[in-house]
$ cat structure31.txt   # compact mmCIF, C-alpha atoms
# COMPACT_ATOMS: atom_id res chain seq x y z
CA MET A 16 154.43 252.42 -117.65
CA ALA A 17 154.49 251.88 -121.40
CA VAL A 18 156.13 248.76 -122.80
CA PRO A 19 158.99 249.60 -125.15
CA MET A 20 158.19 248.85 -128.79
CA ALA A 21 160.91 246.21 -129.00
CA LEU A 22 159.25 244.16 -126.21
CA GLU A 23 155.70 244.23 -127.58
CA ARG A 24 154.51 240.93 -128.99
CA GLU A 25 152.27 240.22 -131.91
CA PRO A 26 149.05 238.51 -130.87
CA VAL A 27 149.21 234.76 -131.48
CA VAL A 28 146.75 233.77 -134.18
CA PRO A 29 145.81 230.10 -134.01
CA GLN A 30 146.72 228.17 -137.11
CA ALA A 31 144.02 226.56 -139.21
CA ASP A 32 143.85 222.78 -139.20
CA ASN A 33 145.37 222.47 -142.66
CA GLU A 34 148.34 224.60 -141.59
CA LEU A 35 148.89 222.46 -138.48
CA ILE A 36 148.80 219.33 -140.60
CA ARG A 37 151.15 220.88 -143.17
CA ARG A 38 153.58 221.76 -140.36
CA SER A 39 153.26 218.28 -138.85
CA LEU A 40 154.72 216.77 -142.01
CA THR A 41 158.12 218.15 -141.00
CA GLU A 42 157.41 218.84 -137.30
CA PRO A 43 155.36 215.84 -136.07
CA ASP A 44 154.66 217.48 -132.71
CA ALA A 45 152.51 220.09 -134.49
CA PHE A 46 149.84 217.40 -134.94
CA ALA A 47 149.14 217.68 -131.20
CA GLY A 48 147.23 220.85 -132.07
CA ILE A 49 144.78 218.80 -134.14
CA PHE A 50 144.29 216.39 -131.23
CA ASP A 51 143.86 219.21 -128.71
CA ARG A 52 141.35 220.97 -130.94
CA HIS A 53 139.17 217.99 -131.95
CA ALA A 54 139.63 215.03 -129.57
CA ALA A 55 136.74 215.96 -127.27
CA THR A 56 134.37 216.37 -130.24
CA ILE A 57 135.36 213.03 -131.78
CA HIS A 58 135.08 211.34 -128.38
CA GLY A 59 131.60 212.81 -127.85
CA TYR A 60 130.47 211.54 -131.25
CA THR A 61 131.83 208.05 -130.70
CA ALA A 62 130.51 207.89 -127.11
CA ARG A 63 126.99 208.67 -128.33
CA ARG A 64 127.26 205.75 -130.74
CA LEU A 65 129.28 203.19 -128.79
CA GLY A 66 129.43 204.19 -125.13
CA HIS A 67 132.34 205.78 -123.25
CA THR A 68 134.62 202.74 -122.97
CA ALA A 69 134.62 201.98 -126.69
CA ALA A 70 134.80 205.70 -127.47
CA ASP A 71 138.11 205.98 -125.64
CA ASP A 72 139.58 203.29 -127.89
CA VAL A 73 138.04 204.60 -131.12
CA THR A 74 139.09 208.18 -130.39
CA ALA A 75 142.67 207.16 -129.70
CA GLU A 76 142.77 205.01 -132.82
CA THR A 77 141.20 207.82 -134.90
CA PHE A 78 144.07 210.14 -134.09
CA LEU A 79 146.68 207.44 -134.63
CA VAL A 80 145.25 206.73 -138.08
CA ALA A 81 144.96 210.46 -138.82
CA PHE A 82 148.58 211.00 -137.82
CA ASP A 83 149.72 208.10 -140.00
CA ARG A 84 147.65 209.40 -142.96
CA ARG A 85 148.29 213.12 -142.50
CA GLY A 86 150.36 213.16 -145.69
CA ARG A 87 147.19 212.26 -147.61
CA PHE A 88 145.05 215.01 -146.04
CA ASP A 89 143.70 217.45 -148.65
CA LEU A 90 145.49 220.62 -147.58
CA THR A 91 142.98 222.75 -149.49
CA GLN A 92 140.48 221.84 -146.75
CA VAL A 93 140.83 224.27 -143.84
CA ASP A 94 138.90 222.17 -141.32
CA ALA A 95 140.10 218.64 -140.48
CA LEU A 96 136.97 217.70 -138.50
CA PRO A 97 135.02 216.11 -141.40
CA TRP A 98 138.13 214.05 -142.24
CA LEU A 99 138.40 212.95 -138.60
CA TYR A 100 134.68 212.06 -138.49
CA GLY A 101 135.24 209.89 -141.55
CA ILE A 102 138.12 208.03 -139.93
CA ALA A 103 136.15 207.58 -136.69
CA THR A 104 133.07 206.38 -138.57
CA ASN A 105 135.11 203.79 -140.47
CA LEU A 106 136.71 202.58 -137.25
CA MET A 107 133.29 202.35 -135.58
CA HIS A 108 132.15 199.89 -138.21
CA ARG A 109 134.31 197.34 -136.37
CA TRP A 110 132.21 198.12 -133.29
CA ARG A 111 128.89 197.87 -135.16
CA ARG A 112 127.63 194.95 -133.07
CA HIS A 113 128.37 196.92 -129.91
CA GLU A 114 126.49 199.95 -131.26
CA VAL A 115 123.45 197.84 -132.17
CA ARG A 116 123.52 196.26 -128.66
CA LEU A 117 123.44 199.77 -127.14
CA TYR A 118 120.40 200.68 -129.25
CA ARG A 119 118.67 197.44 -128.31
CA ALA A 120 119.37 198.08 -124.62
CA LEU A 121 117.89 201.56 -125.03
CA GLN A 122 114.90 200.03 -126.81
CA ARG A 123 114.30 197.57 -123.95
CA THR A 124 114.91 199.90 -121.03
CA GLY A 125 114.28 203.39 -122.37
CA ARG A 126 117.50 204.40 -120.56
CA ASP A 127 120.32 205.91 -122.59
CA PRO A 128 123.47 204.16 -121.29
CA VAL A 129 125.63 207.15 -122.25
CA ASP A 130 123.76 209.74 -120.17
CA ASP A 131 124.20 210.19 -116.44
CA PRO A 132 121.01 208.86 -114.81
CA ASP A 133 121.14 211.18 -111.77
CA GLY A 134 119.17 214.27 -110.89
CA ASP A 135 116.41 215.93 -112.88
CA ARG A 136 117.21 213.92 -115.97
CA VAL A 137 115.50 210.88 -114.45
CA VAL A 138 112.10 212.56 -114.64
CA ALA A 139 112.63 213.79 -118.19
CA ARG A 140 113.98 210.43 -119.24
CA ALA A 141 110.98 208.59 -117.83
CA ALA A 142 108.66 210.82 -119.87
CA ALA A 143 110.67 210.22 -123.06
CA SER A 144 111.29 206.53 -122.44
CA ALA A 145 108.80 205.20 -124.99
CA ALA A 146 110.06 207.53 -127.71
CA HIS A 147 113.67 206.53 -126.95
CA ARG A 148 112.79 202.88 -127.23
CA ARG A 149 111.09 203.36 -130.58
CA LEU A 150 113.96 205.50 -131.88
CA ALA A 151 116.55 202.97 -130.70
CA ALA A 152 114.67 200.18 -132.46
CA VAL A 153 114.69 202.12 -135.74
CA LEU A 154 118.40 202.97 -135.40
CA ALA A 155 119.29 199.34 -134.62
CA ARG A 156 117.54 198.13 -137.80
CA MET A 157 118.68 201.00 -140.04
CA PRO A 158 121.35 200.20 -142.66
CA VAL A 159 124.73 201.38 -141.40
CA GLY A 160 125.24 203.90 -144.23
CA GLU A 161 121.95 205.62 -143.45
CA ARG A 162 122.67 205.55 -139.71
CA ASP A 163 126.15 207.07 -140.21
CA ALA A 164 124.79 209.93 -142.33
CA LEU A 165 121.82 210.55 -140.03
CA LEU A 166 123.87 210.67 -136.82
CA LEU A 167 126.54 212.92 -138.34
CA LEU A 168 123.71 215.30 -139.28
CA ALA A 169 121.68 215.06 -136.07
CA TRP A 170 124.35 214.71 -133.40
CA GLN A 171 127.32 216.49 -134.93
CA ASP A 172 125.40 219.07 -136.99
CA LEU A 173 127.54 218.48 -140.09
CA SER A 174 126.42 219.88 -143.43
CA TYR A 175 125.66 217.54 -146.33
CA ALA A 176 129.04 218.41 -147.87
CA GLU A 177 130.85 217.69 -144.60
CA ILE A 178 129.04 214.35 -144.26
CA ALA A 179 130.05 213.51 -147.84
CA THR A 180 133.66 214.32 -146.98
CA ALA A 181 133.53 212.35 -143.74
CA LEU A 182 132.06 209.25 -145.37
CA GLY A 183 133.90 209.55 -148.68
CA ILE A 184 130.69 209.54 -150.72
CA PRO A 185 129.03 212.02 -153.11
CA VAL A 186 126.65 214.64 -151.71
CA GLY A 187 123.84 213.07 -153.74
CA THR A 188 124.37 209.80 -151.88
CA VAL A 189 124.20 211.69 -148.58
CA ARG A 190 120.87 213.20 -149.66
CA SER A 191 119.57 209.80 -150.67
CA ARG A 192 120.64 208.14 -147.41
CA LEU A 193 119.17 210.91 -145.30
CA ASN A 194 115.92 210.83 -147.25
CA SER A 195 115.64 207.09 -146.71
CA ALA A 196 116.54 207.39 -143.00
CA ARG A 197 113.92 210.11 -142.52
CA LYS A 198 111.27 207.93 -144.15
CA ARG A 199 112.14 205.09 -141.78
CA LEU A 200 111.87 207.44 -138.83
CA ARG A 201 108.56 208.91 -139.98
CA ASN A 202 107.11 205.44 -140.51
CA ALA A 203 108.22 204.25 -137.08
CA LEU A 204 107.83 207.40 -135.01
CA GLY A 205 105.10 209.40 -136.66
CA ASP A 206 105.12 212.94 -135.28
CA LEU A 207 108.01 212.26 -132.87
CA ASP A 208 110.65 212.60 -135.61
CA GLN A 209 110.67 216.41 -135.84
CA LYS A 210 114.30 216.63 -134.69
CA TRP A 211 115.40 214.50 -137.65
CA SER A 212 113.57 216.43 -140.39
$ encode --input "structure31.txt" --output "structure tokens"
Amino acid sequence: MAVPMALEREPVVPQADNELIRRSLTEPDAFAGIFDRHAATIHGYTARRLGHTAADDVTAETFLVAFDRRGRFDLTQVDALPWLYGIATNLMHRWRRHEVRLYRALQRTGRDPVDDPDGDRVVARAAASAAHRRLAAVLARMPVGERDALLLLAWQDLSYAEIATALGIPVGTVRSRLNSARKRLRNALGDLDQKWS
């Protein structure tokens, strides 16, 4: 049976991030769409850097700050994720000691405290243990600006422009920080740094 024309509905097209934020200025509940769309990604990024417990707090605070500052979001930007990464990265600086402790624990044990240690991963982890320790040692000693840029590139696959937006720095500074971070990795890891190049 055919549906009468009057009852047919237009397909719902999801709104872009900037449109959700624009709407949230007069309809605050619209900001929930930004949270729903990006909370898991921000949590994953912060968990890789700080562990799950701290990531819960940083993720929640990231979206509280974003909601409070939504009036300052550049509405010409369609995607809010680089902006959210920038907020999360700034909040993580408060947790810097915790992050460095995680890297030092990884350096000592070769066990990534964020990963689940069960199953087949145990065998793979044992084989990569020495490389993890060396990498963790380099990350723990790396200046925070270089580490932020490197991890946004390697773990979140952001472009140089997105990293610049997230960190509030020029693209040239991103290039410089990544170049320096890569040199540190090459010096410490030799041929094990292919993922970072």
$ atom_distance --input "structure31.txt" --atom1 "atom CA of A:Gly187" --atom2 "atom CA of A:Ala62"
27.9 Å
$ residues_around --input "structure31.txt" --residues "A:Thr61" --least-positions-apart "6" --cutoff "12 Å" --atoms "all atoms listed in the file" --output "number ranges by chain"
A: 54-55, 67-77, 99-108, 110-111, 113-114, 129, 163, 166-167, 170-171
$ write_last_selection --input "structure31.txt" --atoms "C-alpha atoms" --output "JSON list (two decimals), keeping the file's coordinate frame"
[["chain", "number", "residue", "atom", "x", "y", "z"],
["A", 54, "ALA", "CA", 139.63, 215.03, -129.57],
["A", 55, "ALA", "CA", 136.74, 215.96, -127.27],
["A", 67, "HIS", "CA", 132.34, 205.78, -123.25],
["A", 68, "THR", "CA", 134.62, 202.74, -122.97],
["A", 69, "ALA", "CA", 134.62, 201.98, -126.69],
["A", 70, "ALA", "CA", 134.80, 205.70, -127.47],
["A", 71, "ASP", "CA", 138.11, 205.98, -125.64],
["A", 72, "ASP", "CA", 139.58, 203.29, -127.89],
["A", 73, "VAL", "CA", 138.04, 204.60, -131.12],
["A", 74, "THR", "CA", 139.09, 208.18, -130.39],
["A", 75, "ALA", "CA", 142.67, 207.16, -129.70],
["A", 76, "GLU", "CA", 142.77, 205.01, -132.82],
["A", 77, "THR", "CA", 141.20, 207.82, -134.90],
["A", 99, "LEU", "CA", 138.40, 212.95, -138.60],
["A", 100, "TYR", "CA", 134.68, 212.06, -138.49],
["A", 101, "GLY", "CA", 135.24, 209.89, -141.55],
["A", 102, "ILE", "CA", 138.12, 208.03, -139.93],
["A", 103, "ALA", "CA", 136.15, 207.58, -136.69],
["A", 104, "THR", "CA", 133.07, 206.38, -138.57],
["A", 105, "ASN", "CA", 135.11, 203.79, -140.47],
["A", 106, "LEU", "CA", 136.71, 202.58, -137.25],
["A", 107, "MET", "CA", 133.29, 202.35, -135.58],
["A", 108, "HIS", "CA", 132.15, 199.89, -138.21],
["A", 110, "TRP", "CA", 132.21, 198.12, -133.29],
["A", 111, "ARG", "CA", 128.89, 197.87, -135.16],
["A", 113, "HIS", "CA", 128.37, 196.92, -129.91],
["A", 114, "GLU", "CA", 126.49, 199.95, -131.26],
["A", 129, "VAL", "CA", 125.63, 207.15, -122.25],
["A", 163, "ASP", "CA", 126.15, 207.07, -140.21],
["A", 166, "LEU", "CA", 123.87, 210.67, -136.82],
["A", 167, "LEU", "CA", 126.54, 212.92, -138.34],
["A", 170, "TRP", "CA", 124.35, 214.71, -133.40],
["A", 171, "GLN", "CA", 127.32, 216.49, -134.93]]
$ atom_distance --input "structure31.txt" --atom1 "atom CA of A:Leu35" --atom2 "atom CA of A:Leu165"
29.6 Å
$ residues_around --input "structure31.txt" --residues "A:Met157" --least-positions-apart "5" --cutoff "9 Å" --atoms "only C-alpha atoms" --output "list in words"
Ala152, Arg162, Ala196 and Arg199 of chain A
$ atom_distance --input "structure31.txt" --atom1 "atom CA of A:Arg201" --atom2 "atom CA of A:Leu121"
19.1 Å
$ closest_residue --input "structure31.txt" --among "A:Leu200, A:Phe88, A:Leu117, A:Pro158" --to "A:Thr180" --atoms "only C-alpha atoms"
A:Phe88
$ closest_residue --input "structure31.txt" --among "A:Glu161, A:Asp51, A:Asp32, A:Asp89" --to "A:Leu193" --atoms "all atoms listed in the file"
A:Glu161
$ residues_around --input "structure31.txt" --residues "A:Arg38" --least-positions-apart "4" --cutoff "12 Å" --atoms "only C-alpha atoms" --output "number ranges by chain"
A: 30-34, 42-49, 85-86, 90
$ closest_residue --input "structure31.txt" --among "A:Arg84, A:Gly66, A:Pro97, A:Pro29" --to "A:His53" --atoms "all atoms listed in the file"
A:Pro97
$ axis_aligned_box --input "structure31.txt" --around "stretch 88-104 of chain A" --padding-each-side "4 Å" --output "AutoDock Vina command-line options"
--center_x 139.3 --center_y 215.3 --center_z -143.1 --size_x 20.4 --size_y 25.9 --size_z 20.8
$ closest_residue --input "structure31.txt" --among "A:Leu65, A:Leu40, A:Val189, A:Ala169" --to "A:Arg109" --atoms "all atoms listed in the file"
A:Leu65
$ build_atoms --input "structure31.txt" --residues "stretch 94-107 of chain A" --atoms "N, CA, C and O atoms" --output "short mmCIF file (atom, residue, chain, number, x, y, z; two decimals), keeping the file's coordinate frame"
data_model
loop_
_atom_site.label_atom_id
_atom_site.label_comp_id
_atom_site.auth_asym_id
_atom_site.auth_seq_id
_atom_site.Cartn_x
_atom_site.Cartn_y
_atom_site.Cartn_z
N ASP A 94 139.37 222.86 -142.52
CA ASP A 94 138.90 222.17 -141.32
C ASP A 94 139.13 220.67 -141.44
O ASP A 94 138.69 220.03 -142.38
N ALA A 95 139.81 220.08 -140.46
CA ALA A 95 140.10 218.64 -140.48
C ALA A 95 138.98 217.82 -139.85
O ALA A 95 139.00 216.59 -139.93
N LEU A 96 137.99 218.46 -139.23
CA LEU A 96 136.97 217.70 -138.50
C LEU A 96 136.19 216.72 -139.38
O LEU A 96 136.02 215.57 -138.98
N PRO A 97 135.71 217.11 -140.57
CA PRO A 97 135.02 216.11 -141.40
C PRO A 97 135.91 214.90 -141.72
O PRO A 97 135.45 213.76 -141.73
N TRP A 98 137.17 215.13 -141.98
CA TRP A 98 138.13 214.05 -142.24
C TRP A 98 138.23 213.14 -141.02
O TRP A 98 138.19 211.91 -141.14
N LEU A 99 138.32 213.73 -139.84
CA LEU A 99 138.40 212.95 -138.60
C LEU A 99 137.12 212.17 -138.34
O LEU A 99 137.16 211.01 -137.90
N TYR A 100 135.95 212.78 -138.63
CA TYR A 100 134.68 212.06 -138.49
C TYR A 100 134.67 210.85 -139.42
O TYR A 100 134.17 209.78 -139.06
N GLY A 101 135.19 211.00 -140.62
CA GLY A 101 135.24 209.89 -141.55
C GLY A 101 136.09 208.75 -141.03
O GLY A 101 135.69 207.57 -141.11
N ILE A 102 137.24 209.07 -140.49
CA ILE A 102 138.12 208.03 -139.93
C ILE A 102 137.42 207.35 -138.75
O ILE A 102 137.38 206.12 -138.66
N ALA A 103 136.84 208.15 -137.86
CA ALA A 103 136.15 207.58 -136.69
C ALA A 103 134.98 206.70 -137.11
O ALA A 103 134.78 205.61 -136.55
N THR A 104 134.22 207.16 -138.10
CA THR A 104 133.07 206.38 -138.57
C THR A 104 133.52 205.05 -139.14
O THR A 104 132.92 204.00 -138.86
N ASN A 105 134.58 205.05 -139.92
CA ASN A 105 135.11 203.79 -140.47
C ASN A 105 135.59 202.86 -139.36
O ASN A 105 135.36 201.66 -139.41
N LEU A 106 136.25 203.41 -138.37
CA LEU A 106 136.71 202.58 -137.25
C LEU A 106 135.53 202.02 -136.45
O LEU A 106 135.58 200.89 -135.95
N MET A 107 134.46 202.81 -136.34
CA MET A 107 133.29 202.35 -135.58
C MET A 107 132.59 201.19 -136.25
O MET A 107 131.90 200.42 -135.59
#
